[in-house]
file model.cif (mmCIF, C-alpha atoms)
data_input
#
loop_
_atom_site.label_atom_id
_atom_site.label_comp_id
_atom_site.auth_asym_id
_atom_site.auth_seq_id
_atom_site.Cartn_x
_atom_site.Cartn_y
_atom_site.Cartn_z
CA MET X 238 1.71 47.03 12.56
CA GLU X 239 5.16 46.00 11.40
CA TYR X 240 4.26 42.35 11.95
CA ILE X 241 0.98 42.60 10.02
CA GLU X 242 2.96 44.06 7.15
CA LEU X 243 5.46 41.23 7.38
CA ILE X 244 2.68 38.63 7.28
CA ILE X 245 1.04 40.20 4.22
CA ALA X 246 4.41 40.52 2.52
CA THR X 247 5.33 36.87 3.12
CA ILE X 248 1.96 35.35 2.23
CA PHE X 249 1.11 37.37 -0.86
CA VAL X 250 3.82 39.68 -2.16
CA ASN X 251 6.83 37.39 -1.74
CA ASN X 252 4.84 34.17 -1.98
CA ILE X 253 7.38 31.43 -1.52
CA LEU X 254 6.18 29.26 -4.39
CA LEU X 255 5.25 31.80 -7.00
CA ALA X 256 7.69 34.64 -6.39
CA GLN X 257 10.67 33.06 -4.62
CA PHE X 258 10.63 29.70 -6.43
CA LEU X 259 11.21 27.56 -3.36
CA GLY X 260 9.47 24.23 -2.79
CA ASN X 261 8.43 23.71 -6.38
CA CYS X 262 8.96 19.95 -6.40
CA PRO X 263 6.14 19.28 -3.88
CA PHE X 264 4.17 22.08 -5.53
CA LEU X 265 3.96 20.09 -8.75
CA GLY X 266 4.12 16.67 -7.09
CA THR X 267 1.34 16.94 -4.52
CA SER X 268 -1.07 19.30 -6.28
CA LYS X 269 -2.88 16.69 -8.34
CA LYS X 270 -5.53 16.15 -5.67
CA MET X 271 -7.07 18.60 -3.26
CA GLU X 272 -6.72 16.25 -0.27
CA THR X 273 -2.98 15.67 -0.67
CA ALA X 274 -2.43 19.37 -1.27
CA ALA X 275 -4.21 20.27 1.97
CA GLY X 276 -2.22 17.61 3.88
CA MET X 277 1.08 18.84 2.51
CA GLY X 278 0.15 22.45 3.27
CA MET X 279 -0.69 21.65 6.89
CA ALA X 280 2.50 19.63 7.37
CA VAL X 281 4.63 22.45 5.96
CA ILE X 282 3.01 25.09 8.19
CA PHE X 283 3.59 22.88 11.22
CA VAL X 284 7.23 22.04 10.54
CA LEU X 285 8.29 25.33 8.99
CA VAL X 286 7.33 27.44 12.01
CA MET X 287 9.23 25.11 14.33
CA ALA X 288 12.22 24.84 12.01
CA GLY X 289 12.38 28.61 11.52
CA VAL X 290 12.50 29.22 15.26
CA MET X 291 14.94 26.39 16.00
CA THR X 292 17.43 27.31 13.29
CA TRP X 293 17.30 30.96 14.32
CA ILE X 294 18.17 30.01 17.92
CA ILE X 295 20.96 27.68 16.82
CA TYR X 296 22.43 30.26 14.48
CA GLU X 297 22.31 33.27 16.80
CA TRP X 298 23.14 31.55 20.07
CA LEU X 299 25.51 28.81 18.96
CA LEU X 300 27.08 29.50 15.59
CA VAL X 301 27.58 33.27 15.86
CA PRO X 302 29.21 33.34 19.35
CA TYR X 303 31.72 30.67 18.28
CA LYS X 304 32.26 32.23 14.82
CA LEU X 305 31.05 29.11 13.03
CA GLU X 306 28.69 30.85 10.59
CA PHE X 307 30.14 28.97 7.64
CA LEU X 308 28.78 25.72 9.07
CA ARG X 309 25.24 27.06 8.64
CA THR X 310 24.23 24.75 5.78
CA ILE X 311 25.22 21.53 7.51
CA ALA X 312 23.84 22.64 10.88
CA PHE X 313 20.47 23.66 9.45
CA ILE X 314 19.94 20.50 7.44
CA LEU X 315 20.73 18.38 10.49
CA VAL X 316 18.38 20.42 12.66
CA ILE X 317 15.56 20.13 10.13
CA ALA X 318 16.06 16.40 9.57
CA SER X 319 16.12 15.59 13.29
CA LEU X 320 13.24 17.98 13.98
CA VAL X 321 11.07 16.22 11.41
CA GLN X 322 11.98 12.86 12.92
CA PHE X 323 11.20 14.13 16.41
CA VAL X 324 7.87 15.69 15.40
CA GLU X 325 6.93 12.43 13.71
CA MET X 326 7.63 10.40 16.86
CA PHE X 327 5.89 12.90 19.12
CA LEU X 328 2.74 13.07 16.98
CA LYS X 329 2.57 9.29 16.63
CA LYS X 330 2.56 8.92 20.41
CA SER X 331 0.44 11.83 21.57
CA ILE X 332 -1.80 13.08 18.71
CA PRO X 333 -2.39 10.00 16.52
CA ALA X 334 -5.25 11.67 14.63
CA LEU X 335 -3.03 14.48 13.37
CA TYR X 336 -0.25 11.98 12.60
CA ALA X 337 -2.61 9.91 10.47
CA GLY X 338 -3.73 13.07 8.71
CA LEU X 339 -0.24 14.28 7.85
CA GLY X 340 0.88 10.74 7.06
CA ILE X 341 3.60 10.41 4.46
CA PHE X 342 4.04 14.16 4.07
CA LEU X 343 6.07 14.59 7.24
CA PRO X 344 9.19 12.66 6.14
CA LEU X 345 9.00 14.28 2.70
CA ILE X 346 9.46 17.68 4.29
CA THR X 347 13.12 17.05 5.10
CA THR X 348 13.98 17.54 1.45
CA ASN X 349 11.46 20.34 0.86
CA CYS X 350 13.60 23.29 -0.09
CA ALA X 351 10.92 25.70 1.13
CA VAL X 352 11.73 24.77 4.73
CA PHE X 353 15.47 25.05 4.35
CA GLY X 354 15.16 28.13 2.15
CA VAL X 355 13.06 30.07 4.67
CA CYS X 356 15.51 29.26 7.47
CA VAL X 357 18.35 30.67 5.36
CA LEU X 358 16.27 33.69 4.27
CA ASN X 359 15.47 34.54 7.91
CA ILE X 360 19.18 34.71 8.66
CA ASP X 361 20.09 36.54 5.45
CA LYS X 362 17.49 39.24 6.09
CA GLU X 363 18.76 39.62 9.67
CA TYR X 364 15.35 39.19 11.27
CA ASN X 365 15.10 39.17 15.06
CA PHE X 366 13.47 36.29 16.91
CA LEU X 367 9.86 37.49 16.67
CA GLN X 368 10.25 38.58 13.07
CA SER X 369 11.59 35.20 12.00
CA LEU X 370 8.73 33.48 13.83
CA VAL X 371 6.17 35.64 12.02
CA ALA X 372 7.96 35.39 8.67
CA SER X 373 8.19 31.59 8.94
CA PHE X 374 4.47 31.36 9.59
CA GLY X 375 3.68 33.77 6.76
CA TYR X 376 5.82 31.92 4.22
CA ALA X 377 4.32 28.59 5.27
CA ALA X 378 0.77 29.95 5.06
CA GLY X 379 1.55 31.34 1.62
CA PHE X 380 2.84 27.92 0.59
CA GLY X 381 -0.36 26.23 1.80
CA LEU X 382 -2.59 28.85 0.17
CA ALA X 383 -0.90 28.63 -3.24
CA LEU X 384 -0.81 24.83 -3.09
CA VAL X 385 -4.51 24.43 -2.28
CA LEU X 386 -5.61 27.01 -4.87
CA PHE X 387 -3.41 25.38 -7.48
CA ALA X 388 -4.77 21.91 -6.68
CA GLY X 389 -8.29 23.21 -7.29
CA VAL X 390 -7.30 24.45 -10.72
CA ARG X 391 -5.45 21.26 -11.59
CA GLU X 392 -8.48 19.13 -10.78
CA ARG X 393 -10.36 21.16 -13.39
CA ILE X 394 -7.57 20.79 -15.96
CA LEU X 395 -8.08 17.03 -15.83
CA LEU X 396 -11.49 17.60 -17.40
CA ALA X 397 -10.15 19.77 -20.21
CA ARG X 398 -8.84 18.48 -23.51
CA VAL X 399 -5.17 19.42 -23.51
CA PRO X 400 -2.95 18.90 -26.61
CA LYS X 401 -0.78 15.82 -26.16
CA PRO X 402 2.70 17.38 -25.89
CA LEU X 403 1.42 19.90 -23.36
CA GLN X 404 -0.11 17.33 -21.03
CA ASP X 405 0.71 16.79 -17.35
CA THR X 406 3.74 18.74 -16.07
CA SER X 407 3.93 21.05 -19.04
CA ILE X 408 0.40 22.45 -18.72
CA ALA X 409 0.83 22.54 -14.94
CA LEU X 410 3.85 24.82 -15.33
CA VAL X 411 2.08 27.15 -17.74
CA THR X 412 -0.86 27.32 -15.32
CA ALA X 413 1.56 28.08 -12.48
CA GLY X 414 2.88 30.94 -14.62
CA ILE X 415 -0.58 32.47 -14.88
CA PHE X 416 -1.00 31.94 -11.14
CA SER X 417 2.26 33.69 -10.48
CA LEU X 418 1.10 36.54 -12.71
CA SER X 419 -2.03 36.98 -10.62
CA PHE X 420 0.04 37.06 -7.42
CA TYR X 421 2.09 39.76 -9.12
CA ALA X 422 -0.86 42.06 -8.60
CA PHE X 423 -0.04 42.18 -4.89
CA ARG X 424 3.26 43.93 -5.62
CA GLY X 425 3.31 47.47 -4.40
CA MET X 426 0.89 46.65 -1.61
CA VAL X 427 3.61 46.64 1.03
CA MET Q 131 33.51 -1.58 -20.20
CA ALA Q 132 34.56 1.51 -22.07
CA LYS Q 133 31.35 1.58 -24.04
CA SER Q 134 29.07 1.43 -21.00
CA LEU Q 135 31.17 4.12 -19.33
CA VAL Q 136 30.37 6.39 -22.26
CA ALA Q 137 26.73 5.33 -21.96
CA GLU Q 138 26.61 6.35 -18.29
CA PHE Q 139 28.06 9.71 -19.22
CA THR Q 140 25.85 10.47 -22.21
CA LYS Q 141 22.54 9.41 -20.70
CA GLY Q 142 22.54 12.55 -18.56
CA LEU Q 143 23.03 14.73 -21.62
CA TRP Q 144 19.80 13.85 -23.36
CA LYS Q 145 17.84 10.83 -22.18
CA GLU Q 146 17.70 11.81 -18.50
CA VAL Q 147 18.25 15.59 -18.51
CA PRO Q 148 17.18 16.28 -14.92
CA PRO Q 149 14.72 19.18 -15.10
CA PHE Q 150 13.01 18.09 -18.32
CA ARG Q 151 12.92 14.31 -18.37
CA LEU Q 152 12.90 13.60 -14.64
CA VAL Q 153 11.28 16.85 -13.45
CA LEU Q 154 13.73 17.14 -10.55
CA GLY Q 155 15.60 20.14 -9.22
CA LEU Q 156 12.98 22.61 -10.37
CA CYS Q 157 13.54 25.36 -7.82
CA PRO Q 158 16.96 26.51 -9.09
CA THR Q 159 15.79 25.86 -12.65
CA LEU Q 160 13.06 28.44 -12.20
CA GLY Q 161 14.80 30.75 -9.76
CA VAL Q 162 18.19 31.50 -11.25
CA THR Q 163 17.59 31.37 -15.00
CA THR Q 164 16.97 35.08 -15.43
CA SER Q 165 20.17 35.16 -17.49
CA MET Q 166 22.43 32.66 -19.20
CA LYS Q 167 25.31 33.66 -16.93
CA ASN Q 168 23.43 32.75 -13.76
CA GLY Q 169 22.19 29.50 -15.31
CA ILE Q 170 25.71 28.39 -16.19
CA GLY Q 171 27.09 29.42 -12.79
CA MET Q 172 24.39 27.53 -10.91
CA GLY Q 173 24.78 24.50 -13.18
CA LEU Q 174 28.54 24.32 -12.67
CA ALA Q 175 28.24 24.72 -8.88
CA THR Q 176 25.71 21.88 -8.81
CA THR Q 177 27.92 19.74 -11.07
CA PHE Q 178 30.85 20.19 -8.68
CA VAL Q 179 28.77 19.06 -5.70
CA LEU Q 180 27.25 16.22 -7.71
CA VAL Q 181 30.58 14.80 -8.89
CA CYS Q 182 32.33 15.15 -5.52
CA SER Q 183 29.46 13.63 -3.54
CA ASN Q 184 29.08 10.81 -6.08
CA ILE Q 185 32.79 9.96 -5.74
CA LEU Q 186 32.73 10.00 -1.93
CA VAL Q 187 29.48 8.05 -1.69
CA ALA Q 188 30.82 5.45 -4.11
CA LEU Q 189 34.04 5.16 -2.09
CA LEU Q 190 32.17 4.76 1.20
CA ARG Q 191 29.26 2.66 -0.10
CA LYS Q 192 30.47 -0.51 1.64
CA VAL Q 193 31.16 1.27 4.94
CA ILE Q 194 27.89 3.17 5.35
CA PRO Q 195 25.20 1.08 7.10
CA SER Q 196 22.09 1.03 4.94
CA LYS Q 197 19.78 2.16 7.77
CA VAL Q 198 21.41 5.55 8.18
CA ARG Q 199 22.55 5.99 4.58
CA ILE Q 200 20.27 8.93 3.75
CA ALA Q 201 21.57 10.92 6.74
CA CYS Q 202 25.16 10.11 5.75
CA PHE Q 203 24.54 11.17 2.15
CA ILE Q 204 23.05 14.46 3.29
CA ILE Q 205 26.08 15.20 5.47
CA ILE Q 206 28.47 14.40 2.62
CA ILE Q 207 26.49 16.64 0.26
CA ALA Q 208 26.27 19.46 2.82
CA THR Q 209 30.04 19.36 3.27
CA PHE Q 210 30.65 19.89 -0.43
CA VAL Q 211 28.00 22.62 -0.58
CA ILE Q 212 29.94 24.48 2.13
CA VAL Q 213 33.11 24.04 0.06
CA VAL Q 214 31.36 25.55 -2.97
CA GLU Q 215 29.97 28.43 -0.87
CA GLN Q 216 33.43 29.28 0.47
CA LEU Q 217 35.08 28.99 -2.96
CA MET Q 218 32.47 31.19 -4.63
CA GLN Q 219 32.71 33.81 -1.90
CA ALA Q 220 36.43 33.96 -2.51
CA TYR Q 221 36.61 33.79 -6.31
CA ALA Q 222 33.19 34.67 -7.78
CA TYR Q 223 31.63 37.03 -5.29
CA THR Q 224 29.18 38.84 -7.62
CA LEU Q 225 27.84 35.53 -8.91
CA PHE Q 226 27.53 34.33 -5.31
CA ILE Q 227 25.40 37.40 -4.50
CA ASP Q 228 23.28 36.96 -7.65
CA LEU Q 229 22.52 33.32 -6.92
CA GLY Q 230 21.86 34.12 -3.25
CA VAL Q 231 19.90 31.55 -1.33
CA PHE Q 232 20.09 29.02 -4.16
CA ILE Q 233 23.73 28.12 -3.42
CA PRO Q 234 23.05 26.71 0.08
CA LEU Q 235 19.90 25.19 -1.40
CA ILE Q 236 21.99 22.78 -3.51
CA VAL Q 237 21.97 20.63 -0.37
CA VAL Q 238 18.24 19.92 -0.76
CA ASN Q 239 18.37 19.62 -4.56
CA CYS Q 240 16.69 16.30 -5.27
CA ILE Q 241 19.06 15.62 -8.18
CA VAL Q 242 22.14 15.36 -5.97
CA LEU Q 243 20.57 13.13 -3.31
CA GLY Q 244 18.78 11.19 -6.03
CA ARG Q 245 22.01 10.31 -7.84
CA ALA Q 246 23.74 9.37 -4.56
CA GLU Q 247 20.90 7.04 -3.63
CA ALA Q 248 20.04 5.63 -7.06
CA PHE Q 249 23.49 5.35 -8.61
CA ALA Q 250 26.58 6.07 -6.51
CA SER Q 251 25.55 3.82 -3.61
CA LYS Q 252 25.39 0.84 -5.98
CA ASN Q 253 28.26 1.47 -8.42
CA GLY Q 254 32.04 1.92 -8.44
CA VAL Q 255 33.97 5.17 -8.32
CA VAL Q 256 34.71 5.45 -12.05
CA PHE Q 257 31.13 4.85 -13.11
CA SER Q 258 29.77 7.20 -10.44
CA THR Q 259 32.10 9.96 -11.62
CA ALA Q 260 30.90 9.50 -15.20
CA ASP Q 261 27.30 9.51 -14.04
CA GLY Q 262 27.77 12.66 -11.95
CA LEU Q 263 29.58 14.47 -14.77
CA GLY Q 264 26.96 13.51 -17.34
CA ILE Q 265 23.95 14.50 -15.24
CA GLY Q 266 25.73 17.66 -14.08
CA ILE Q 267 26.64 18.81 -17.58
CA GLY Q 268 23.14 17.98 -18.82
CA TYR Q 269 21.72 20.06 -15.98
CA THR Q 270 24.10 22.95 -16.76
CA CYS Q 271 23.09 22.89 -20.43
CA ALA Q 272 19.40 22.85 -19.52
CA LEU Q 273 19.84 25.85 -17.19
CA ALA Q 274 21.95 27.69 -19.77
CA VAL Q 275 19.40 27.15 -22.57
CA LEU Q 276 16.48 28.23 -20.40
CA GLY Q 277 18.48 31.22 -19.12
CA ALA Q 278 19.49 32.17 -22.68
CA ILE Q 279 15.89 32.04 -23.94
CA ARG Q 280 14.63 34.19 -21.08
CA GLU Q 281 17.50 36.67 -21.35
CA LEU Q 282 17.09 36.96 -25.13
CA LEU Q 283 13.36 37.65 -24.90
CA GLY Q 284 13.66 39.85 -21.84
CA THR Q 285 16.58 42.06 -22.85
CA GLY Q 286 17.06 41.42 -26.56
CA GLY Q 287 20.64 40.20 -26.24
CA LEU Q 288 23.09 38.04 -24.30
CA LYS Q 289 25.81 39.39 -22.05
CA GLY Q 290 27.94 37.94 -19.29
CA ASP Q 291 30.81 35.59 -18.51
CA VAL Q 292 31.51 32.18 -17.03
CA PHE Q 293 33.00 32.59 -13.54
CA GLY Q 294 34.76 35.79 -14.61
CA LEU Q 295 36.38 34.02 -17.59
CA LEU Q 296 35.15 33.66 -21.18
CA PRO Q 297 33.20 36.92 -21.48
CA TYR Q 298 30.56 37.04 -24.20
CA SER Q 299 28.35 39.85 -25.45
CA PHE Q 300 25.72 39.83 -28.21
CA PRO Q 301 23.61 42.97 -27.87
CA ASN Q 302 20.43 43.55 -29.92
CA LEU Q 303 20.23 40.21 -31.70
CA PHE Q 304 16.75 41.05 -32.95
CA GLY Q 305 17.68 44.48 -34.34
CA ALA Q 306 17.34 47.92 -32.79
CA SER Q 307 13.55 48.12 -33.06
CA PHE Q 308 13.01 45.07 -30.80
CA GLU Q 309 10.95 45.90 -27.74
CA PRO Q 310 12.20 43.78 -24.78
CA PHE Q 311 9.64 41.33 -23.48
CA GLY Q 312 9.98 42.03 -19.74
CA PHE Q 313 7.60 39.26 -18.75
CA ALA Q 314 10.22 36.65 -19.68
CA VAL Q 315 12.78 37.63 -17.04
CA GLN Q 316 10.23 37.99 -14.26
CA ALA Q 317 8.79 35.26 -12.05
CA PRO Q 318 5.73 34.28 -14.14
CA GLY Q 319 7.87 34.04 -17.27
CA ALA Q 320 9.99 31.33 -15.62
CA PHE Q 321 7.03 28.98 -15.22
CA VAL Q 322 5.68 29.60 -18.71
CA ALA Q 323 9.10 29.29 -20.39
CA LEU Q 324 9.86 25.99 -18.61
CA GLY Q 325 6.37 24.66 -19.40
CA LEU Q 326 6.74 25.45 -23.09
CA MET Q 327 10.25 23.95 -23.15
CA LEU Q 328 8.88 20.72 -21.67
CA CYS Q 329 6.24 20.80 -24.38
CA ALA Q 330 8.93 21.20 -27.06
CA MET Q 331 10.92 18.28 -25.59
CA ASN Q 332 7.78 16.14 -25.71
CA LEU Q 333 7.37 16.91 -29.40
CA ILE Q 334 10.77 15.38 -30.14
CA PRO Q 335 10.37 11.60 -29.88
CA SER Q 336 12.92 9.99 -27.56
CA LYS Q 337 14.52 6.86 -28.96
#
call {"tool": "encode", "arguments": {"input": "model.cif", "output": "structure tokens"}}
result
Amino acid sequence: MEYIELIIATIFVNNILLAQFLGNCPFLGTSKKMETAAGMGMAVIFVLVMAGVMTWIIYEWLLVPYKLEFLRTIAFILVIASLVQFVEMFLKKSIPALYAGLGIFLPLITTNCAVFGVCVLNIDKEYNFLQSLVASFGYAAGFGLALVLFAGVRERILLARVPKPLQDTSIALVTAGIFSLSFYAFRGMV
Amino acid sequence: MAKSLVAEFTKGLWKEVPPFRLVLGLCPTLGVTTSMKNGIGMGLATTFVLVCSNILVALLRKVIPSKVRIACFIIIIATFVIVVEQLMQAYAYTLFIDLGVFIPLIVVNCIVLGRAEAFASKNGVVFSTADGLGIGIGYTCALAVLGAIRELLGTGGLKGDVFGLLPYSFPNLFGASFEPFGFAVQAPGAFVALGLMLCAMNLIPSK
């Protein structure tokens, strides 16, 4: 029950894009087309779950016993960067179809602050191993959900006549605000 | 020489203000600007990392092999982020708690890596320092303005300090009958406020 609650909380209530403000650069950058949004969402789910688990293990089993907690930032970014590289190589060799599908989104994930942010949040909230696994998945799924929904809306905006100064990023941000407002309705659920 | 140095510094203040003109570094822009105080604190912390990493990258630009340069830049940036984290824990603890996860997140702020890659790895130390300072101060101003607008609408006044120094307090700027607009300091308000600010910047023609 506790884990179902955690999943609902991370996907809807504390949605990483709309409530926590992490990963907004890819949110605006890759949401112009539905296809790219879906690709980015899949790639984030894939990497974020692995990164969340890996960084938790490194932090609890390596940094804490040796009292090196202050090195967290540098350790996590190295883990994420090498993990992305490794996943890329592995997929290229063994699952070429998935690799072709994720394409350019994999390397971009290294600098996606959603990945790094969730790893830090897991530690800050003192989750245990299973909780951080579930939370990582929930946050990533919330990211994918918001991204795909938002891409659908943005494709429609292209057809609308928007005043010139509001065009492109500006109208996208205002739309994201309304989106965020609708996700607000989930507050109080958990 | 002197003139172009000034040009490198001032371009960050208006022509290339990171969150508005380049649309980079949005996460902290949206996340921490619930008040002017947090905006300034975040901006100054980022400026520190930006200037230090620009200087070190510029110093080492001939030593770093170009194949592994991105990894090297990230390690340099992460080192300075740790320095900022430790300093803020020691001297500005409440601000450190308020900014929370966004302080370690400076390491993945596209502005810092972007300046290292686009400018510091190709230019000398003096120019890179000017560039880092200019972009950093421009970023701080942008965060402070956005934070001030949201705080004004959300609470009706401005209150806070800059790293424990320079306290300021302007309560009830709109008069006592003003009903605070709570939407502005909450998550949806961040997106809408930034979107409308971008719109306002677009209305002003850039030379």
call {"tool": "closest_residue", "arguments": {"input": "model.cif", "among": "Q:Thr176, Q:Thr285, Q:Gln219, Q:Thr259", "to": "chain X", "atoms": "only C-alpha atoms"}}
result
Q:Gln219
call {"tool": "resolve_selection", "arguments": {"input": "model.cif", "expression": "the PyMOL selection byres ((chain X) within 6 of (chain Q))", "output": "list of chain:residue names"}}
result
X:Ala256, X:Phe258, X:Leu259, X:Asn261, X:Ile311, X:Thr348, X:Cys350, X:Pro402, X:Leu403, X:Ser407, X:Leu410, X:Val411, X:Gly414, X:Ser417, X:Leu418
call {"tool": "write_last_selection", "arguments": {"input": "model.cif", "atoms": "C-alpha atoms", "output": "mmCIF file, keeping the file's coordinate frame"}}
result
data_model
loop_
_atom_site.group_PDB
_atom_site.id
_atom_site.type_symbol
_atom_site.label_atom_id
_atom_site.label_comp_id
_atom_site.auth_asym_id
_atom_site.auth_seq_id
_atom_site.Cartn_x
_atom_site.Cartn_y
_atom_site.Cartn_z
ATOM 1 C CA ALA X 256 7.690 34.640 -6.390
ATOM 2 C CA PHE X 258 10.630 29.700 -6.430
ATOM 3 C CA LEU X 259 11.210 27.560 -3.360
ATOM 4 C CA ASN X 261 8.430 23.710 -6.380
ATOM 5 C CA ILE X 311 25.220 21.530 7.510
ATOM 6 C CA THR X 348 13.980 17.540 1.450
ATOM 7 C CA CYS X 350 13.600 23.290 -0.090
ATOM 8 C CA PRO X 402 2.700 17.380 -25.890
ATOM 9 C CA LEU X 403 1.420 19.900 -23.360
ATOM 10 C CA SER X 407 3.930 21.050 -19.040
ATOM 11 C CA LEU X 410 3.850 24.820 -15.330
ATOM 12 C CA VAL X 411 2.080 27.150 -17.740
ATOM 13 C CA GLY X 414 2.880 30.940 -14.620
ATOM 14 C CA SER X 417 2.260 33.690 -10.480
ATOM 15 C CA LEU X 418 1.100 36.540 -12.710
#
call {"tool": "atom_distance", "arguments": {"input": "model.cif", "atom1": "CA of Phe249 (chain Q)", "atom2": "CA of Gly277 (chain Q)"}}
result
28.4 Å
call {"tool": "residues_around", "arguments": {"input": "model.cif", "residues": "Phe420 (chain X)", "least_positions_apart": "6", "cutoff": "12 Å", "atoms": "all atoms listed in the file", "output": "number ranges by chain"}}
result
X: 246-257, 379, 382-383, 386, 413-414, 426; Q: 317-318
call {"tool": "write_last_selection", "arguments": {"input": "model.cif", "atoms": "C-alpha atoms", "output": "PDB file, keeping the file's coordinate frame"}}
result
ATOM      1  CA  ALA X 246       4.410  40.520   2.520  1.00  0.00           C
ATOM      2  CA  THR X 247       5.330  36.870   3.120  1.00  0.00           C
ATOM      3  CA  ILE X 248       1.960  35.350   2.230  1.00  0.00           C
ATOM      4  CA  PHE X 249       1.110  37.370  -0.860  1.00  0.00           C
ATOM      5  CA  VAL X 250       3.820  39.680  -2.160  1.00  0.00           C
ATOM      6  CA  ASN X 251       6.830  37.390  -1.740  1.00  0.00           C
ATOM      7  CA  ASN X 252       4.840  34.170  -1.980  1.00  0.00           C
ATOM      8  CA  ILE X 253       7.380  31.430  -1.520  1.00  0.00           C
ATOM      9  CA  LEU X 254       6.180  29.260  -4.390  1.00  0.00           C
ATOM     10  CA  LEU X 255       5.250  31.800  -7.000  1.00  0.00           C
ATOM     11  CA  ALA X 256       7.690  34.640  -6.390  1.00  0.00           C
ATOM     12  CA  GLN X 257      10.670  33.060  -4.620  1.00  0.00           C
ATOM     13  CA  GLY X 379       1.550  31.340   1.620  1.00  0.00           C
ATOM     14  CA  LEU X 382      -2.590  28.850   0.170  1.00  0.00           C
ATOM     15  CA  ALA X 383      -0.900  28.630  -3.240  1.00  0.00           C
ATOM     16  CA  LEU X 386      -5.610  27.010  -4.870  1.00  0.00           C
ATOM     17  CA  ALA X 413       1.560  28.080 -12.480  1.00  0.00           C
ATOM     18  CA  GLY X 414       2.880  30.940 -14.620  1.00  0.00           C
ATOM     19  CA  MET X 426       0.890  46.650  -1.610  1.00  0.00           C
TER      20      MET X 426
ATOM     21  CA  ALA Q 317       8.790  35.260 -12.050  1.00  0.00           C
ATOM     22  CA  PRO Q 318       5.730  34.280 -14.140  1.00  0.00           C
TER      23      PRO Q 318
END
call {"tool": "resolve_selection", "arguments": {"input": "model.cif", "expression": "the PyMOL selection byres ((chain X and resi 355) around 12)", "output": "VMD selection string"}}
result
(chain X and resid 247 251 to 254 257 to 260 281 to 282 284 to 290 292 to 293 313 317 349 to 354 356 to 362 364 369 to 377 379 to 380) or (chain Q and resid 231 to 232 234 to 235)
call {"tool": "resolve_selection", "arguments": {"input": "model.cif", "expression": "the PyMOL selection byres ((chain Q and resi 138) around 12)", "output": "mmCIF file with C-alpha atoms, keeping the file's coordinate frame"}}
result
data_model
loop_
_atom_site.group_PDB
_atom_site.id
_atom_site.type_symbol
_atom_site.label_atom_id
_atom_site.label_comp_id
_atom_site.auth_asym_id
_atom_site.auth_seq_id
_atom_site.Cartn_x
_atom_site.Cartn_y
_atom_site.Cartn_z
ATOM 1 C CA MET Q 131 33.510 -1.580 -20.200
ATOM 2 C CA ALA Q 132 34.560 1.510 -22.070
ATOM 3 C CA LYS Q 133 31.350 1.580 -24.040
ATOM 4 C CA SER Q 134 29.070 1.430 -21.000
ATOM 5 C CA LEU Q 135 31.170 4.120 -19.330
ATOM 6 C CA VAL Q 136 30.370 6.390 -22.260
ATOM 7 C CA ALA Q 137 26.730 5.330 -21.960
ATOM 8 C CA PHE Q 139 28.060 9.710 -19.220
ATOM 9 C CA THR Q 140 25.850 10.470 -22.210
ATOM 10 C CA LYS Q 141 22.540 9.410 -20.700
ATOM 11 C CA GLY Q 142 22.540 12.550 -18.560
ATOM 12 C CA LEU Q 143 23.030 14.730 -21.620
ATOM 13 C CA TRP Q 144 19.800 13.850 -23.360
ATOM 14 C CA LYS Q 145 17.840 10.830 -22.180
ATOM 15 C CA GLU Q 146 17.700 11.810 -18.500
ATOM 16 C CA PHE Q 249 23.490 5.350 -8.610
ATOM 17 C CA ALA Q 250 26.580 6.070 -6.510
ATOM 18 C CA ASN Q 253 28.260 1.470 -8.420
ATOM 19 C CA VAL Q 256 34.710 5.450 -12.050
ATOM 20 C CA PHE Q 257 31.130 4.850 -13.110
ATOM 21 C CA SER Q 258 29.770 7.200 -10.440
ATOM 22 C CA THR Q 259 32.100 9.960 -11.620
ATOM 23 C CA ALA Q 260 30.900 9.500 -15.200
ATOM 24 C CA ASP Q 261 27.300 9.510 -14.040
ATOM 25 C CA GLY Q 262 27.770 12.660 -11.950
ATOM 26 C CA LEU Q 263 29.580 14.470 -14.770
ATOM 27 C CA GLY Q 264 26.960 13.510 -17.340
ATOM 28 C CA ILE Q 265 23.950 14.500 -15.240
#
call {"tool": "residues_near_point", "arguments": {"input": "model.cif", "point": "(4.9, 14.5, 3.4)", "cutoff": "6 Å", "atoms": "only C-alpha atoms", "output": "ChimeraX atom specification"}}
result
/X:277,341-346
call {"tool": "closest_residue", "arguments": {"input": "model.cif", "among": "Q:Pro148, Q:Gly268, Q:Ile200, Q:Lys167", "to": "Lys289 (chain Q)", "atoms": "all atoms listed in the file"}}
result
Q:Lys167
call {"tool": "closest_residue", "arguments": {"input": "model.cif", "among": "Q:Leu217, Q:Leu296, Q:Leu288, Q:Val275", "to": "Ala175 (chain Q)", "atoms": "all atoms listed in the file"}}
result
Q:Leu217
call {"tool": "closest_residue", "arguments": {"input": "model.cif", "among": "Q:Leu276, Q:Ala220, Q:Leu229, Q:Cys202", "to": "Ser183 (chain Q)", "atoms": "only C-alpha atoms"}}
result
Q:Cys202
call {"tool": "closest_residue", "arguments": {"input": "model.cif", "among": "X:Thr347, X:Thr310, X:Ser419, X:Asn365", "to": "Glu325 (chain X)", "atoms": "all atoms listed in the file"}}
result
X:Thr347
call {"tool": "atom_distance", "arguments": {"input": "model.cif", "atom1": "CA of Asn168 (chain Q)", "atom2": "CA of Leu225 (chain Q)"}}
result
7.1 Å
